[in-house]
Amino acid sequence: MSLEEKEALLAGANAPYVAELYVRFLKNPHLVDPGWAAFFAELDDRPQGTGSPRILSEADSRRAALDSIRALMLIRVYRVRGHLIASFDPLGLEGKKYHPELDPQTWGFAAADMDRPIFINYVLGLETATLRQILRILQETYCGSIGVEFMHIQDHEEKAWIQQRIESIRNQTQFTRKGKRAILERLVQTEGFERFLHVKYPGTKRFGLDGGESMIPAIEQILKRGAQLGIQEVNLGMPHRGRLNVLGNIMHKPYAAIFAEFQGLSAHPEDVEGSGDVKYHLGTSADRVFDGHQIHLSLTANPSHLEAVDPVVLGKTRAKQTQCDDSVRRKAMAILLHGDAAFAGQGLVAECFGFSELEGYRTGGTIHFIVNNQIGFTTSPAYSRSSPYPSDVAKMVQAPIFHVNGDDPEAVVHVARIATEFRQEFKRDVVIDMFCYRRFGHNEADEPSFTQPIMYRKIARQPTTRAIYANKLIDESVVTADEVDGMARWFNSRLEADFAAAATYKVNKADWLEGKWEGLKTLIGEEEMRKADTGVPLDTLRAVGFAISRTPEDFQIHAKILRLLEIRRKMTESGSGIDWATAEALAFGTLLAEGVPVRLSGQDSGRGTFSQRHAVLVDQDNERRYVPLNHVSAAQATFEVIDSPLSEASVLGFEYGYSLAEPDALVIWEAQFGDFANGAQVIIDQFIASAESKWLRLSGLVMLLPHGFEGQGPEHSSARPERYLQLCAEDNLQVVNCTTPANYFHVLRRQIRRNFRKPLVLFSPKSLLRHKLVVSDLEDMGAGTGFKRVLPEIDTLVPDQYVKRIVLCSGKVYYDLLEERRRRGIDNLALVRVEQFYPWPRRTVLDNIARYPHAEVFWCQEEPANMGGWAFVLPRLSNILEDLQRERRLPVYVGRPAAASPAIGLYNKHVEEQARVVDDALTGSLQALPQPFRRVVR
Ligand SMILES: Cc1ncc(C[n+]2csc(CCOP(=O)(O)OP(=O)(O)O)c2C)c(N)n1
Ligand SMILES: [Mg+2]
């Protein structure tokens, strides 16, 4: 019988029979069958160590037993479902709430039963209690301003902790007078700031917190309690709502600075770099002290895209934990604030919960705070989510959820405190869902009664949270009305002073190259700065090569991997034939030996999607894991290679966030196949490509994107290089599609060995991983060598002036062209590889073209004409041809015609197409070749 069936039995005619069983169980649990014993034991979930032995005298009547189990059932149901009738909606939109299971009648109690003592065996802390008492306790604890959902937690300790924590104090903190005044002061400031903006900048968007003011004292409480419990660093992420208030009242950004932004003032435009962003997206950092404990706070800048910042904040938090050796994750923590519609709607929220217990991504629990104003823009919850609460998604990780009435600031602060304690105790996610309302429209110029007239009539009559609380404290004689007025006047005069100062406010010189970023540069300018010393002495390379091809003696390695390691070892010993994966391992290994941590995360990255990497070896007997790159040298940095969850957006966001906080590590996100990165487009567009320009935030993140047309169909061929190339401007990115293991080695090392950080979009090969021509010599990685942005012709051809054609290309197609040219014995056609698209190596490309004065210039790609590099190189090559005063100012396009789908599904057709591309590049005559424009524009 299931638990539900047993519960149903209790409420029905069989209750006396169950009571009989219970009497027996209390005497001796073995007297009833184990199923019932477990059921009764479950009822009695009072904290361990309390209560007396369960002994009921023989004389106890059947009725008493029945009372007991019914009462215990009722208590249990209140724990599970009490929140369903709690009054946490300040607007009371749902009216009086009722749930039959919370009605004592359902359990067989009548009005006459209210005052009979019932034995409840110290559950709720009482040996006996009347039904009236029991209900009062349950309603206070579970149905007041706070509704708690925690009975879905399967871990006994966590569940018992919450139960004990809230039942022992009936889920209320008795605040001191000082504590109450502090909450009031916070509310005065929160409301005062919004009002001030409302008056000074009427109709200007600010996405005010009006109606959700209790959020500010709640965050203050999290910080204060967190500081007491060891938190030293908090990373915050939040949306638009109330952000200015958080900036001013939590982050202590000068009000004058915020006012200056409202006025669009740029008193000192020379100090404001980049393209900037709207004021309610900006981040900042601050140090604050709570009870003598310092906390460093950092609010991450974010784009409009709701919840996109979440994984970024988590990645930053993780990096901070690694930096301060916080392996128990006690010192650094993330707080994420959310809107109700966004929390329920955006998949990134679920993706981030997915991180919470993963070895490679966990951050020791995030405190989530939902400003649940019961609306999203103009959409009511009934239209925007299928779950009862916006918070239900958090149940996927069994996080406890506190629904709380925003108009009861003490309750809000109380749950903030418990949530913080829970996080510190169990290092798990926890959610506060603060029910409130939005006093104005979505923004302040928006009219909400077009769509929610009833709700907004209610809101118009609703006194502010501050007014409600001030009156409460006046009633309790904690403050006088005059004092409350005094608080508001004082704060307002302070705002007025800042308002006056705004006109001449001098923008603080950006703080972005401080701390870990010190010594790095932003303005690159000079070509020289782009160069990097990335070569490594051969001895070091050999030592690393040896270390990465070794396993411990007692390690049962798979026979094929053993052979692979032997081959790797021979490659480095002989110094030739080094393949892609070995070059990568050498790049990582040398950086590690130099003290640079390497973090690589992506789907199946440990082994490598193409079974090429084998960075994690698995003992065939016991599945013990061994990571050779962590055994390179005694003083080396740590290599983390992580098989990620199957979520592109959040994992890319996480690694991007990690790179924001850790410029001294090589941080890499790897796509399984490059095209899957489009699931993370928001992170690419809103952060990776534009964060430096918008927010002056740098990142050295590497995106590894497998790319190449090998007949694997539409979704395993193209990493969509065109998309990244279209994003390139103002030196925001580096886009590389290199073709030799040595160049790959250098481009990875270059990421760390220069004095600036830029995201690197790196297309990586698939078939080339095992291509006989795709090998390098150790010497190509030796001291003095470096990354080559363009690779010139390597074969001996006719003298330069007789070369008839230059075929420029990038990536894998080069080898198809090279092999076919050799096969056909063509000696007057030069192949030039563009290894780096952006920053566009104009001078080197120009030199490589100028070298062949009588050659036609072709661009060959395997991608369709509307994809790949064509649109990017066309104007740039034309520009060069113009400078060289070539007769033909346009390069000739050779490749697949424009297509809706990146690649064909049929393998044979692919082979045919590929052969035609190669043939066109090698033999097609200028006139006969279909012109790109004719092919593209159809
Ligand atoms: C991903 C995304 N989709 C749509 C929007 C446009 N938008 C901005 S705010 C908003 C409503 C958000 O509602 P909620 O999350 O409840 O926050 P609230 O404004 O009520 O505080 C929408 C749809 C957005 N910013 N991001
Ligand atoms: Mg909302």
# chains A, B, ... in the order shown; residues from 1 in each chain; ligands from 1
>>> residues_near_ligand(ligand="ligand 1", cutoff="9 Å", atoms="only C-alpha atoms and all ligand atoms", output="ChimeraX atom specification")
/A:207-209,239-242,303-308,338-346,370-379,381,437-438,442-443,682
>>> write_last_selection(atoms="N, CA and C atoms", output="short mmCIF file (atom, residue, chain, number, x, y, z; two decimals), in the first residue's frame")
data_model
loop_
_atom_site.label_atom_id
_atom_site.label_comp_id
_atom_site.auth_asym_id
_atom_site.auth_seq_id
_atom_site.Cartn_x
_atom_site.Cartn_y
_atom_site.Cartn_z
N PHE A 207 12.48 50.97 -13.72
CA PHE A 207 12.10 49.63 -13.28
C PHE A 207 12.16 49.55 -11.76
N GLY A 208 11.37 50.44 -11.16
CA GLY A 208 11.43 50.62 -9.71
C GLY A 208 11.03 49.38 -8.93
N LEU A 209 11.45 49.41 -7.69
CA LEU A 209 11.17 48.30 -6.79
C LEU A 209 9.85 48.54 -6.05
N PRO A 239 18.11 41.10 -12.35
CA PRO A 239 17.52 41.74 -13.52
C PRO A 239 17.32 43.24 -13.29
N HIS A 240 16.47 43.82 -14.11
CA HIS A 240 16.22 45.26 -14.10
C HIS A 240 15.53 45.74 -12.82
N ARG A 241 14.57 44.94 -12.34
CA ARG A 241 13.68 45.40 -11.27
C ARG A 241 14.43 45.71 -9.98
N GLY A 242 14.41 46.96 -9.60
CA GLY A 242 15.04 47.35 -8.34
C GLY A 242 16.56 47.43 -8.41
N PRO A 303 23.01 41.86 -19.64
CA PRO A 303 22.22 42.37 -20.75
C PRO A 303 20.75 42.32 -20.39
N SER A 304 19.95 42.77 -21.29
CA SER A 304 18.51 42.76 -21.09
C SER A 304 17.98 41.33 -20.95
N HIS A 305 18.62 40.39 -21.62
CA HIS A 305 18.14 39.01 -21.62
C HIS A 305 18.06 38.45 -20.21
N LEU A 306 16.84 38.24 -19.78
CA LEU A 306 16.64 37.83 -18.39
C LEU A 306 17.29 36.49 -18.12
N GLU A 307 17.85 36.38 -16.97
CA GLU A 307 18.48 35.16 -16.44
C GLU A 307 19.79 34.79 -17.15
N ALA A 308 20.16 35.50 -18.21
CA ALA A 308 21.39 35.12 -18.91
C ALA A 308 22.61 35.32 -18.01
N HIS A 338 15.63 37.38 -9.06
CA HIS A 338 14.86 37.04 -10.26
C HIS A 338 13.49 37.72 -10.24
N GLY A 339 12.92 37.87 -11.44
CA GLY A 339 11.50 38.20 -11.55
C GLY A 339 10.72 36.90 -11.61
N ASP A 340 9.43 36.96 -11.25
CA ASP A 340 8.65 35.72 -11.24
C ASP A 340 8.47 35.14 -12.64
N ALA A 341 8.19 35.99 -13.61
CA ALA A 341 7.95 35.46 -14.96
C ALA A 341 9.24 34.88 -15.54
N ALA A 342 10.34 35.56 -15.32
CA ALA A 342 11.60 35.10 -15.88
C ALA A 342 12.04 33.79 -15.21
N PHE A 343 11.87 33.71 -13.90
CA PHE A 343 12.33 32.53 -13.18
C PHE A 343 11.57 31.29 -13.67
N ALA A 344 10.27 31.47 -13.90
CA ALA A 344 9.47 30.32 -14.35
C ALA A 344 9.71 30.04 -15.83
N GLY A 345 10.04 31.08 -16.59
CA GLY A 345 10.05 30.91 -18.03
C GLY A 345 11.39 30.56 -18.65
N GLN A 346 12.45 31.08 -18.12
CA GLN A 346 13.74 30.96 -18.80
C GLN A 346 14.44 29.64 -18.45
N ILE A 370 13.26 35.64 -5.45
CA ILE A 370 12.33 36.01 -6.53
C ILE A 370 11.50 37.21 -6.07
N VAL A 371 11.58 38.29 -6.82
CA VAL A 371 10.69 39.42 -6.58
C VAL A 371 9.39 39.07 -7.33
N ASN A 372 8.53 38.39 -6.61
CA ASN A 372 7.33 37.84 -7.24
C ASN A 372 6.20 38.87 -7.18
N ASN A 373 6.24 39.79 -8.15
CA ASN A 373 5.20 40.83 -8.18
C ASN A 373 3.96 40.35 -8.95
N GLN A 374 3.91 39.08 -9.22
CA GLN A 374 2.72 38.44 -9.77
C GLN A 374 2.34 38.96 -11.15
N ILE A 375 3.36 39.38 -11.87
CA ILE A 375 3.12 39.84 -13.24
C ILE A 375 4.47 39.88 -13.97
N GLY A 376 4.41 39.68 -15.27
CA GLY A 376 5.60 39.85 -16.10
C GLY A 376 5.23 40.78 -17.23
N PHE A 377 5.72 42.01 -17.17
CA PHE A 377 5.39 43.03 -18.15
C PHE A 377 3.87 43.25 -18.16
N THR A 378 3.13 42.62 -19.09
CA THR A 378 1.66 42.76 -19.03
C THR A 378 1.00 41.41 -18.82
N THR A 379 1.80 40.36 -18.64
CA THR A 379 1.25 39.00 -18.64
C THR A 379 1.02 38.47 -17.23
N PRO A 381 0.31 35.55 -14.35
CA PRO A 381 0.88 34.21 -14.17
C PRO A 381 0.10 33.11 -14.88
N TYR A 437 3.97 43.14 -5.21
CA TYR A 437 3.23 43.68 -6.35
C TYR A 437 4.11 44.74 -6.99
N ARG A 438 3.66 45.19 -8.12
CA ARG A 438 4.43 46.21 -8.85
C ARG A 438 3.56 47.45 -8.89
N HIS A 442 5.08 48.25 -16.10
CA HIS A 442 6.34 47.51 -16.23
C HIS A 442 7.52 48.46 -16.08
N ASN A 443 7.45 49.56 -16.83
CA ASN A 443 8.33 50.67 -16.47
C ASN A 443 7.40 51.82 -16.11
N VAL A 682 22.89 33.63 -26.87
CA VAL A 682 22.73 34.82 -26.03
C VAL A 682 24.03 35.15 -25.28
#
>>> residues_around(residues="His707 (chain A)", least_positions_apart="3", cutoff="8 Å", atoms="only C-alpha atoms", output="list in words")
Phe673, Gly674, His716, Ser717, Ser718, Ala719, Phe763, Ser764, Pro765 and Lys766 of chain A
>>> select_by_dssp(residues="region 8-192 of chain A", states="alpha helix (DSSP H)", output="VMD selection string")
chain A and resid 8 to 11 15 to 27 34 to 43 62 to 81 131 to 142 156 to 167 177 to 192
>>> closest_residue(among="A:Leu762, A:Ala543, A:Ala501, A:Cys436", to="ligand 2", atoms="only C-alpha atoms and all ligand atoms")
A:Cys436
>>> residues_around(residues="Gly786 (chain A)", least_positions_apart="2", cutoff="6 Å", atoms="only C-alpha atoms", output="short mmCIF file (atom, residue, chain, number, x, y, z; two decimals) with all heavy atoms, in the first residue's frame")
data_model
loop_
_atom_site.label_atom_id
_atom_site.label_comp_id
_atom_site.auth_asym_id
_atom_site.auth_seq_id
_atom_site.Cartn_x
_atom_site.Cartn_y
_atom_site.Cartn_z
N THR A 534 55.52 32.38 -27.49
CA THR A 534 54.77 31.18 -27.10
C THR A 534 55.57 29.89 -27.28
O THR A 534 55.09 28.82 -26.92
CB THR A 534 53.46 31.07 -27.90
OG1 THR A 534 53.77 31.22 -29.29
CG2 THR A 534 52.47 32.13 -27.49
N GLY A 535 56.77 30.00 -27.85
CA GLY A 535 57.60 28.81 -28.02
C GLY A 535 58.12 28.32 -26.67
O GLY A 535 58.16 29.07 -25.69
N HIS A 746 50.38 27.08 -30.41
CA HIS A 746 50.75 28.47 -30.15
C HIS A 746 49.53 29.35 -29.85
O HIS A 746 49.60 30.22 -28.98
CB HIS A 746 51.51 29.05 -31.34
CG HIS A 746 52.89 28.50 -31.48
ND1 HIS A 746 53.86 28.72 -30.52
CD2 HIS A 746 53.48 27.73 -32.44
CE1 HIS A 746 55.00 28.12 -30.90
NE2 HIS A 746 54.78 27.50 -32.06
#
>>> closest_residue(among="A:Ala850, A:Leu817, A:Ala467, A:Leu881", to="Gln914 (chain A)", atoms="only C-alpha atoms")
A:Leu817
>>> residues_around(residues="Ala547 (chain A)", least_positions_apart="4", cutoff="7 Å", atoms="only C-alpha atoms", output="NGL selection string")
:A and (543 or 628 or 631-632)
>>> write_last_selection(atoms="all heavy atoms", output="tab-separated table (two decimals), in the first residue's frame")
chain	number	residue	atom	x	y	z
A	543	ALA	N	59.90	16.73	-21.78
A	543	ALA	CA	59.55	16.31	-20.41
A	543	ALA	C	58.03	16.23	-20.26
A	543	ALA	O	57.49	15.27	-19.68
A	543	ALA	CB	60.13	17.29	-19.39
A	628	PRO	N	46.76	12.46	-16.61
A	628	PRO	CA	48.21	12.62	-16.75
A	628	PRO	C	48.67	14.08	-16.65
A	628	PRO	O	49.73	14.36	-16.09
A	628	PRO	CB	48.50	12.05	-18.14
A	628	PRO	CG	47.38	11.10	-18.41
A	628	PRO	CD	46.19	11.66	-17.71
A	631	HIS	N	50.14	15.47	-13.63
A	631	HIS	CA	51.38	14.87	-13.14
A	631	HIS	C	52.55	15.30	-14.02
A	631	HIS	O	53.40	14.51	-14.39
A	631	HIS	CB	51.24	13.34	-13.10
A	631	HIS	CG	50.12	12.92	-12.21
A	631	HIS	ND1	50.28	12.70	-10.86
A	631	HIS	CD2	48.81	12.73	-12.47
A	631	HIS	CE1	49.11	12.38	-10.34
A	631	HIS	NE2	48.20	12.40	-11.29
A	632	VAL	N	52.54	16.56	-14.36
A	632	VAL	CA	53.58	17.09	-15.26
A	632	VAL	C	54.82	17.51	-14.46
A	632	VAL	O	55.94	17.17	-14.81
A	632	VAL	CB	53.02	18.29	-16.07
A	632	VAL	CG1	54.13	19.01	-16.80
A	632	VAL	CG2	51.98	17.79	-17.07
